[in-house]
$ cat entry-v9.cif   # mmCIF, C-alpha atoms
data_final
#
loop_
_atom_site.label_atom_id
_atom_site.label_comp_id
_atom_site.auth_asym_id
_atom_site.auth_seq_id
_atom_site.Cartn_x
_atom_site.Cartn_y
_atom_site.Cartn_z
CA MET A 1376 47.42 87.96 -20.79
CA PRO A 1377 47.80 86.27 -17.37
CA GLU A 1378 44.89 83.96 -16.57
CA VAL A 1379 43.64 85.84 -13.53
CA ASP A 1380 43.72 89.13 -15.44
CA ARG A 1381 41.61 87.55 -18.15
CA ALA A 1382 39.24 86.04 -15.58
CA ASP A 1383 38.97 89.51 -14.01
CA GLN A 1384 38.26 90.99 -17.42
CA VAL A 1385 35.58 88.38 -18.17
CA PHE A 1386 33.89 88.86 -14.81
CA ALA A 1387 34.15 92.64 -15.10
CA ALA A 1388 32.56 92.42 -18.55
CA LEU A 1389 29.75 90.28 -17.13
CA SER A 1390 29.21 92.46 -14.04
CA ASP A 1391 27.21 95.00 -16.06
CA PRO A 1392 23.53 94.05 -16.54
CA THR A 1393 23.25 95.78 -19.92
CA ARG A 1394 26.27 93.86 -21.19
CA ARG A 1395 24.71 90.61 -19.96
CA ASP A 1396 21.53 91.50 -21.88
CA ILE A 1397 23.60 92.23 -24.98
CA LEU A 1398 25.55 88.99 -24.65
CA ARG A 1399 22.29 87.04 -24.25
CA ALA A 1400 20.87 88.79 -27.30
CA VAL A 1401 23.96 87.94 -29.36
CA GLY A 1402 23.70 84.31 -28.23
CA GLY A 1403 19.99 84.24 -29.01
CA ARG A 1404 20.41 85.67 -32.51
CA GLY A 1405 23.51 83.69 -33.40
CA GLU A 1406 25.04 86.87 -34.78
CA ALA A 1407 24.01 90.49 -34.76
CA THR A 1408 25.10 94.05 -35.47
CA ALA A 1409 25.05 96.88 -32.94
CA THR A 1410 22.12 98.42 -34.83
CA GLU A 1411 20.06 95.23 -34.64
CA LEU A 1412 20.83 94.80 -30.93
CA ALA A 1413 20.00 98.45 -30.12
CA ALA A 1414 16.55 98.00 -31.69
CA GLY A 1415 15.64 95.47 -29.00
CA LEU A 1416 17.23 97.23 -26.03
CA PRO A 1417 16.59 100.54 -24.24
CA VAL A 1418 20.04 101.89 -25.14
CA THR A 1419 21.52 103.72 -28.09
CA ARG A 1420 23.45 102.07 -30.89
CA GLN A 1421 26.58 103.91 -29.72
CA ALA A 1422 26.19 102.52 -26.20
CA VAL A 1423 25.66 99.01 -27.57
CA ALA A 1424 28.78 99.37 -29.71
CA LYS A 1425 30.84 100.36 -26.65
CA HIS A 1426 29.51 97.41 -24.65
CA LEU A 1427 30.28 95.07 -27.55
CA GLN A 1428 33.85 96.35 -27.56
CA VAL A 1429 34.21 95.50 -23.83
CA LEU A 1430 32.78 92.03 -24.49
CA ALA A 1431 35.16 91.60 -27.44
CA ASP A 1432 38.16 92.72 -25.34
CA ALA A 1433 37.21 90.09 -22.75
CA GLY A 1434 37.12 87.47 -25.51
CA LEU A 1435 33.39 86.78 -25.12
CA VAL A 1436 32.37 87.88 -28.63
CA ASP A 1437 34.23 88.46 -31.85
CA ALA A 1438 33.39 90.62 -34.82
CA GLU A 1439 33.46 90.24 -38.57
CA ARG A 1440 33.08 93.21 -40.89
CA HIS A 1441 30.08 93.07 -43.24
CA GLY A 1442 29.96 96.16 -45.43
CA ARG A 1443 29.74 99.17 -43.12
CA GLU A 1444 28.89 97.23 -39.98
CA GLN A 1445 30.51 94.67 -37.71
CA ARG A 1446 28.57 91.48 -37.07
CA TYR A 1447 29.17 89.98 -33.62
CA ARG A 1448 28.89 86.38 -32.46
CA LEU A 1449 29.77 84.43 -29.31
CA THR A 1450 33.40 83.33 -29.23
CA PRO A 1451 34.37 79.71 -28.74
CA ALA A 1452 37.32 81.11 -26.76
CA PRO A 1453 39.25 78.75 -24.55
CA LEU A 1454 38.50 79.16 -20.86
CA ASP A 1455 41.71 79.77 -19.02
CA ASP A 1456 42.60 77.67 -15.99
CA ALA A 1457 41.48 80.23 -13.41
CA LEU A 1458 38.15 80.87 -15.10
CA ARG A 1459 37.54 77.16 -15.54
CA TRP A 1460 38.34 76.51 -11.88
CA LEU A 1461 35.97 79.31 -10.82
CA VAL A 1462 33.15 77.87 -12.89
CA ASP A 1463 33.82 74.24 -11.89
CA ALA A 1464 34.39 74.92 -8.18
CA GLY A 1465 31.33 77.19 -8.04
CA ALA A 1466 29.13 74.58 -9.72
CA ALA A 1467 30.38 71.89 -7.32
CA TRP A 1468 29.47 74.07 -4.31
CA ASP A 1469 26.03 74.73 -5.79
CA VAL A 1470 25.47 70.96 -5.82
CA ARG A 1471 26.85 70.44 -2.30
CA LEU A 1472 24.86 73.32 -0.79
CA GLU A 1473 21.69 72.06 -2.46
CA ARG A 1474 22.34 68.67 -0.79
CA LEU A 1475 22.84 70.48 2.54
CA ARG A 1476 19.58 72.37 2.03
CA ARG A 1477 17.73 69.11 1.47
CA LYS A 1478 19.38 67.53 4.48
CA VAL A 1479 18.39 70.44 6.75
CA ALA A 1480 14.83 70.34 5.40
CA ARG A 1481 14.42 66.62 6.20
CA PRO A 1482 12.39 66.00 9.35
CA THR A 1483 14.55 64.58 12.12
CA MET B 758 50.62 83.82 -3.52
CA GLU B 759 47.99 84.96 -5.97
CA PRO B 760 44.69 83.62 -4.67
CA VAL B 761 41.66 82.83 -6.78
CA THR B 762 38.49 82.68 -4.69
CA VAL B 763 35.01 81.37 -5.29
CA THR B 764 32.17 82.10 -2.84
CA ARG B 765 28.70 80.66 -2.54
CA SER B 766 25.92 81.30 -0.03
CA VAL B 767 22.71 79.54 0.75
CA ARG B 768 19.95 80.74 3.06
CA LEU B 769 18.21 77.96 4.92
CA ASP B 770 14.89 77.81 6.74
CA ALA B 771 16.29 76.54 10.02
CA ASP B 772 18.02 77.99 13.04
CA ALA B 773 21.81 77.98 13.24
CA ARG B 774 21.93 75.10 15.74
CA ARG B 775 20.02 72.80 13.45
CA VAL B 776 22.11 73.82 10.44
CA TRP B 777 25.37 73.17 12.30
CA ASP B 778 24.09 69.77 13.39
CA ALA B 779 23.11 68.86 9.82
CA LEU B 780 26.38 70.19 8.51
CA ALA B 781 28.86 68.83 10.99
CA ASP B 782 27.40 66.25 13.38
CA ASP B 783 28.89 62.76 13.66
CA ASP B 784 28.19 61.77 10.07
CA GLY B 785 27.17 65.30 9.19
CA LEU B 786 29.57 65.95 6.35
CA SER B 787 28.54 62.68 4.70
CA GLY B 788 25.73 63.02 2.23
CA TRP B 789 26.23 66.68 1.47
CA LEU B 790 29.93 67.50 1.24
CA ALA B 791 30.56 64.17 -0.46
CA ASP B 792 28.91 60.76 -0.56
CA ARG B 793 31.25 59.30 2.02
CA VAL B 794 33.29 61.34 4.47
CA GLU B 795 35.74 59.79 6.88
CA LEU B 796 36.75 62.72 9.06
CA ASP B 797 36.59 63.91 12.65
CA ILE B 798 35.53 67.52 13.04
CA GLN B 799 38.62 68.40 15.09
CA PRO B 800 41.40 70.85 14.25
CA GLY B 801 44.27 68.93 12.69
CA ALA B 802 42.18 65.84 11.93
CA ALA B 803 42.92 64.25 8.56
CA GLY B 804 40.48 62.22 6.53
CA ARG B 805 39.13 61.21 3.20
CA LEU B 806 36.14 62.04 0.99
CA LEU B 807 34.63 59.86 -1.70
CA ASP B 808 32.17 61.14 -4.27
CA HIS B 809 29.62 59.15 -6.22
CA ASP B 810 31.66 59.56 -9.39
CA GLY B 811 34.59 57.81 -7.67
CA ALA B 812 36.60 61.02 -7.18
CA ALA B 813 38.56 60.89 -3.93
CA ARG B 814 39.93 63.77 -1.91
CA ARG B 815 42.14 64.09 1.13
CA VAL B 816 41.11 66.64 3.70
CA VAL B 817 42.69 68.21 6.80
CA VAL B 818 40.61 70.25 9.24
CA THR B 819 42.21 73.65 9.84
CA GLU B 820 39.73 75.32 12.18
CA VAL B 821 36.55 74.56 14.08
CA ALA B 822 34.42 77.11 15.90
CA GLU B 823 31.51 75.04 17.16
CA GLY B 824 28.29 76.24 15.61
CA THR B 825 29.73 79.06 13.48
CA ARG B 826 32.79 78.17 11.44
CA LEU B 827 34.57 75.21 9.86
CA GLY B 828 37.78 75.40 7.85
CA PHE B 829 39.66 72.72 5.98
CA ALA B 830 42.21 72.20 3.25
CA TRP B 831 41.59 69.55 0.64
CA TRP B 832 43.08 68.16 -2.50
CA SER B 833 42.25 65.56 -5.07
CA ASP B 834 44.05 62.22 -5.12
CA ASP B 835 44.67 63.02 -8.79
CA ALA B 836 46.38 66.34 -8.05
CA PRO B 837 48.03 66.07 -4.62
CA ASP B 838 50.00 69.31 -5.10
CA ALA B 839 46.92 71.43 -5.79
CA ALA B 840 45.36 71.92 -2.36
CA SER B 841 42.67 74.54 -1.89
CA SER B 842 41.35 75.91 1.37
CA VAL B 843 37.71 76.12 2.32
CA VAL B 844 36.00 78.14 5.04
CA ILE B 845 32.34 77.55 5.83
CA THR B 846 30.58 80.11 8.03
CA ILE B 847 27.15 79.86 9.60
CA ALA B 848 25.23 82.99 10.52
CA GLY B 849 21.84 82.55 12.14
CA GLU B 850 19.14 85.18 12.14
CA GLY B 851 16.12 83.85 14.01
CA ASP B 852 14.56 81.04 12.02
CA THR B 853 16.84 81.41 9.02
CA THR B 854 20.53 80.74 8.64
CA THR B 855 22.98 81.76 5.96
CA VAL B 856 25.75 79.33 5.13
CA THR B 857 28.63 80.88 3.20
CA VAL B 858 31.40 78.88 1.61
CA THR B 859 34.67 80.41 0.41
CA GLU B 860 37.16 78.24 -1.46
CA THR B 861 40.57 79.65 -2.32
CA VAL B 862 43.34 78.21 -4.42
CA ASP B 863 46.65 79.69 -5.50
CA ARG B 864 46.62 80.61 -9.16
CA SER B 865 49.96 78.88 -9.76
CA LEU B 866 48.36 75.54 -8.78
CA LEU B 867 45.53 75.71 -11.28
CA ALA B 868 47.51 74.36 -14.20
CA ALA B 869 47.94 71.17 -12.16
CA VAL B 870 44.19 70.99 -11.55
CA GLY B 871 43.46 71.60 -15.20
CA GLY B 872 46.04 69.01 -16.21
CA ALA B 873 44.31 66.29 -14.20
CA GLY B 874 41.98 65.04 -16.86
CA GLY B 875 41.21 68.58 -17.99
CA SER B 876 40.17 68.82 -21.62
CA GLY B 877 40.56 72.36 -22.94
CA ALA B 878 37.17 73.70 -21.88
CA HIS B 879 35.67 76.18 -24.31
CA LEU B 880 33.43 79.12 -23.83
CA THR B 881 30.42 77.35 -25.23
CA GLU B 882 26.93 78.72 -24.99
CA ALA B 883 26.38 76.52 -21.96
CA ALA B 884 29.47 77.99 -20.30
CA VAL B 885 28.29 81.48 -21.15
CA ALA B 886 24.89 80.68 -19.67
CA ASP B 887 26.68 79.46 -16.55
CA LEU B 888 28.74 82.64 -16.37
CA LEU B 889 25.66 84.76 -16.92
CA GLY B 890 23.93 82.90 -14.12
CA LEU B 891 26.79 83.81 -11.83
CA GLY B 892 26.62 87.38 -13.08
CA ASP B 893 22.93 87.71 -12.24
CA ALA B 894 23.41 86.22 -8.82
CA TRP B 895 26.24 88.63 -8.22
CA ALA B 896 23.74 91.46 -8.18
CA GLU B 897 21.28 89.55 -6.07
CA ARG B 898 23.75 88.27 -3.49
CA PHE B 899 21.55 87.06 -0.67
CA GLY B 900 18.41 86.18 -2.57
CA ARG B 901 15.09 86.92 -1.02
CA LEU B 902 13.64 83.48 -1.46
CA ALA B 903 14.26 81.86 1.87
CA GLY B 904 15.67 78.43 1.36
CA ALA B 905 16.44 78.99 -2.30
CA LEU B 906 19.96 78.35 -3.42
CA ARG B 907 21.67 81.48 -4.64
CA PRO B 908 25.18 81.61 -5.93
CA ALA B 909 26.31 84.68 -4.03
CA HIS B 910 29.26 86.12 -5.83
CA VAL B 911 32.44 85.12 -7.50
CA LEU B 912 35.69 86.95 -7.05
CA ALA B 913 38.67 86.39 -9.25
CA GLY B 914 42.07 87.15 -7.82
CA ALA B 915 40.54 88.65 -4.71
#

$ encode --input "entry-v9.cif" --output "structure tokens"
Amino acid sequence: MPEVDRADQVFAALSDPTRRDILRAVGGRGEATATELAAGLPVTRQAVAKHLQVLADAGLVDAERHGREQRYRLTPAPLDDALRWLVDAGAAWDVRLERLRRKVARPT
Amino acid sequence: MEPVTVTRSVRLDADARRVWDALADDDGLSGWLADRVELDIQPGAAGRLLDHDGAARRVVVTEVAEGTRLGFAWWSDDAPDAASSVVITIAGEGDTTTVTVTETVDRSLLAAVGGAGGSGAHLTEAAVADLLGLGDAWAERFGRLAGALRPAHVLAGA
């Protein structure tokens, strides 16, 4: 998949607040099934399973079959160049704009 | 040309005049854009930026609209072919001012950026936390806390 398409897919996956909650929950638990995640969230197991599929398609989680259920965990997937640039450049501007904020706040 | 764009905004407790002065007066860019900035704020002016970690960049001013807008192109000494363009806009609203930065790079140049000392970054939990932070801020865009730094939104391939 081209890098920008994958970056789009990752950001699209993360643009949904429920999916961000699910991703946080997966990260917090280490690994989890859709049933376990649904117990802690105000959504159905079916909805959680659909969201997990979007996160898996974006490469953010992967699944391993355990009996009748899939267990999900965060993926140590390589960040593509575009995604890495977006994260790095964004973080650098956060630092610069914080310095600007402090400079503006200083009494002249 | 397939641009990749990152955008950040900050809302500051100061009027636009004061923000422009802090941002772009004689030594204005020094101390916030980089540790040391040798650059005239004039269209076409070329200069140099040095950061505390020793990273050096070349910069060329592309546009100046006194008080409202500053544009430049810059590139790292390590990756002279991978220039990105930056536009900074200043919008005052009474006693508060929103500064918005947009940096754009062509996708085809990113391999060069990544190749300059890039070590296959992985989607670690820290990176996920970072991405989630951006995701939250996406929804919030211009945060209500005056003066608080808010990543505004991130667009890929915009």

$ resolve_selection --input "entry-v9.cif" --expression "the PyMOL selection byres ((chain B and resi 848) around 12)" --output "PDB file with C-alpha atoms, in the coordinates of the input"
ATOM      1  CA  SER B 766      25.920  81.300  -0.030  1.00  0.00           C
ATOM      2  CA  VAL B 767      22.710  79.540   0.750  1.00  0.00           C
ATOM      3  CA  ARG B 768      19.950  80.740   3.060  1.00  0.00           C
ATOM      4  CA  LEU B 769      18.210  77.960   4.920  1.00  0.00           C
ATOM      5  CA  ALA B 771      16.290  76.540  10.020  1.00  0.00           C
ATOM      6  CA  ASP B 772      18.020  77.990  13.040  1.00  0.00           C
ATOM      7  CA  ALA B 773      21.810  77.980  13.240  1.00  0.00           C
ATOM      8  CA  ARG B 774      21.930  75.100  15.740  1.00  0.00           C
ATOM      9  CA  ARG B 775      20.020  72.800  13.450  1.00  0.00           C
ATOM     10  CA  VAL B 776      22.110  73.820  10.440  1.00  0.00           C
ATOM     11  CA  TRP B 777      25.370  73.170  12.300  1.00  0.00           C
ATOM     12  CA  GLY B 824      28.290  76.240  15.610  1.00  0.00           C
ATOM     13  CA  THR B 825      29.730  79.060  13.480  1.00  0.00           C
ATOM     14  CA  ARG B 826      32.790  78.170  11.440  1.00  0.00           C
ATOM     15  CA  ILE B 845      32.340  77.550   5.830  1.00  0.00           C
ATOM     16  CA  THR B 846      30.580  80.110   8.030  1.00  0.00           C
ATOM     17  CA  ILE B 847      27.150  79.860   9.600  1.00  0.00           C
ATOM     18  CA  GLY B 849      21.840  82.550  12.140  1.00  0.00           C
ATOM     19  CA  GLU B 850      19.140  85.180  12.140  1.00  0.00           C
ATOM     20  CA  GLY B 851      16.120  83.850  14.010  1.00  0.00           C
ATOM     21  CA  ASP B 852      14.560  81.040  12.020  1.00  0.00           C
ATOM     22  CA  THR B 853      16.840  81.410   9.020  1.00  0.00           C
ATOM     23  CA  THR B 854      20.530  80.740   8.640  1.00  0.00           C
ATOM     24  CA  THR B 855      22.980  81.760   5.960  1.00  0.00           C
ATOM     25  CA  VAL B 856      25.750  79.330   5.130  1.00  0.00           C
ATOM     26  CA  THR B 857      28.630  80.880   3.200  1.00  0.00           C
ATOM     27  CA  VAL B 858      31.400  78.880   1.610  1.00  0.00           C
TER      28      VAL B 858
END

$ residues_near_point --input "entry-v9.cif" --point "(34.1, 85.5, -25.1)" --cutoff "6 Å" --atoms "only C-alpha atoms" --output "MDAnalysis selection string"
chainID A and resid 1434:1436 1450 1452

$ atom_distance --input "entry-v9.cif" --atom1 "CA of Ser842 (chain B)" --atom2 "CA of Ala812 (chain B)"
17.8 Å

$ atom_distance --input "entry-v9.cif" --atom1 "CA of Glu1444 (chain A)" --atom2 "CA of Thr1408 (chain A)"
6.7 Å

$ resolve_selection --input "entry-v9.cif" --expression "the PyMOL selection byres ((chain B and resi 832) around 10)" --output "PyMOL selection string"
chain B and resi 805-806+813-817+830-831+833-842+870

$ residues_around --input "entry-v9.cif" --residues "Ala779 (chain B)" --least-positions-apart "3" --cutoff "10 Å" --atoms "all atoms listed in the file" --output "list in words"
Leu1475, Arg1476, Arg1477, Lys1478, Val1479, Ala1480, Arg1481 and Thr1483 of chain A; Ala773, Arg774, Arg775, Val776, Asp782, Asp783, Asp784, Gly785, Leu786, Ser787, Gly788 and Trp789 of chain B

$ closest_residue --input "entry-v9.cif" --among "B:Asp792, B:Asp778, B:Glu759, B:Asp863" --to "His809 (chain B)" --atoms "only C-alpha atoms"
B:Asp792

$ closest_residue --input "entry-v9.cif" --among "B:Leu780, B:Val862, B:Val843, B:Val763" --to "Ile798 (chain B)" --atoms "only C-alpha atoms"
B:Leu780

$ closest_residue --input "entry-v9.cif" --among "B:Glu820, B:Asp770, B:Asp808, B:Glu860" --to "Leu790 (chain B)" --atoms "only C-alpha atoms"
B:Asp808

$ atom_distance --input "entry-v9.cif" --atom1 "CA of Arg864 (chain B)" --atom2 "CA of Leu827 (chain B)"
23.2 Å

$ closest_residue --input "entry-v9.cif" --among "B:Asp810, B:Gly828, B:Ala781, B:Leu867" --to "chain A" --atoms "all atoms listed in the file"
B:Leu867

$ closest_residue --input "entry-v9.cif" --among "B:Gly801, B:Thr861, B:Arg793, B:Leu807" --to "chain A" --atoms "all atoms listed in the file"
B:Thr861

$ residues_near_point --input "entry-v9.cif" --point "(19.7, 98.8, -20.8)" --cutoff "8 Å" --atoms "only C-alpha atoms" --output "list in words"
Pro1392, Thr1393, Asp1396, Leu1416, Pro1417 and Val1418 of chain A

$ closest_residue --input "entry-v9.cif" --among "A:Arg1440, A:Arg1395, A:Arg1446, A:Arg1404" --to "chain B" --atoms "all atoms listed in the file"
A:Arg1395

$ resolve_selection --input "entry-v9.cif" --expression "the PyMOL selection byres ((chain A and resi 1448) around 12)" --output "VMD selection string"
(chain A and resid 1397 to 1409 1412 1427 1430 to 1431 1434 to 1440 1445 to 1447 1449 to 1452) or (chain B and resid 881 to 882)

$ write_last_selection --input "entry-v9.cif" --atoms "C-alpha atoms" --output "PDB file, keeping the file's coordinate frame"
ATOM      1  CA  ILE A1397      23.600  92.230 -24.980  1.00  0.00           C
ATOM      2  CA  LEU A1398      25.550  88.990 -24.650  1.00  0.00           C
ATOM      3  CA  ARG A1399      22.290  87.040 -24.250  1.00  0.00           C
ATOM      4  CA  ALA A1400      20.870  88.790 -27.300  1.00  0.00           C
ATOM      5  CA  VAL A1401      23.960  87.940 -29.360  1.00  0.00           C
ATOM      6  CA  GLY A1402      23.700  84.310 -28.230  1.00  0.00           C
ATOM      7  CA  GLY A1403      19.990  84.240 -29.010  1.00  0.00           C
ATOM      8  CA  ARG A1404      20.410  85.670 -32.510  1.00  0.00           C
ATOM      9  CA  GLY A1405      23.510  83.690 -33.400  1.00  0.00           C
ATOM     10  CA  GLU A1406      25.040  86.870 -34.780  1.00  0.00           C
ATOM     11  CA  ALA A1407      24.010  90.490 -34.760  1.00  0.00           C
ATOM     12  CA  THR A1408      25.100  94.050 -35.470  1.00  0.00           C
ATOM     13  CA  ALA A1409      25.050  96.880 -32.940  1.00  0.00           C
ATOM     14  CA  LEU A1412      20.830  94.800 -30.930  1.00  0.00           C
ATOM     15  CA  LEU A1427      30.280  95.070 -27.550  1.00  0.00           C
ATOM     16  CA  LEU A1430      32.780  92.030 -24.490  1.00  0.00           C
ATOM     17  CA  ALA A1431      35.160  91.600 -27.440  1.00  0.00           C
ATOM     18  CA  GLY A1434      37.120  87.470 -25.510  1.00  0.00           C
ATOM     19  CA  LEU A1435      33.390  86.780 -25.120  1.00  0.00           C
ATOM     20  CA  VAL A1436      32.370  87.880 -28.630  1.00  0.00           C
ATOM     21  CA  ASP A1437      34.230  88.460 -31.850  1.00  0.00           C
ATOM     22  CA  ALA A1438      33.390  90.620 -34.820  1.00  0.00           C
ATOM     23  CA  GLU A1439      33.460  90.240 -38.570  1.00  0.00           C
ATOM     24  CA  ARG A1440      33.080  93.210 -40.890  1.00  0.00           C
ATOM     25  CA  GLN A1445      30.510  94.670 -37.710  1.00  0.00           C
ATOM     26  CA  ARG A1446      28.570  91.480 -37.070  1.00  0.00           C
ATOM     27  CA  TYR A1447      29.170  89.980 -33.620  1.00  0.00           C
ATOM     28  CA  LEU A1449      29.770  84.430 -29.310  1.00  0.00           C
ATOM     29  CA  THR A1450      33.400  83.330 -29.230  1.00  0.00           C
ATOM     30  CA  PRO A1451      34.370  79.710 -28.740  1.00  0.00           C
ATOM     31  CA  ALA A1452      37.320  81.110 -26.760  1.00  0.00           C
TER      32      ALA A1452
ATOM     33  CA  THR B 881      30.420  77.350 -25.230  1.00  0.00           C
ATOM     34  CA  GLU B 882      26.930  78.720 -24.990  1.00  0.00           C
TER      35      GLU B 882
END
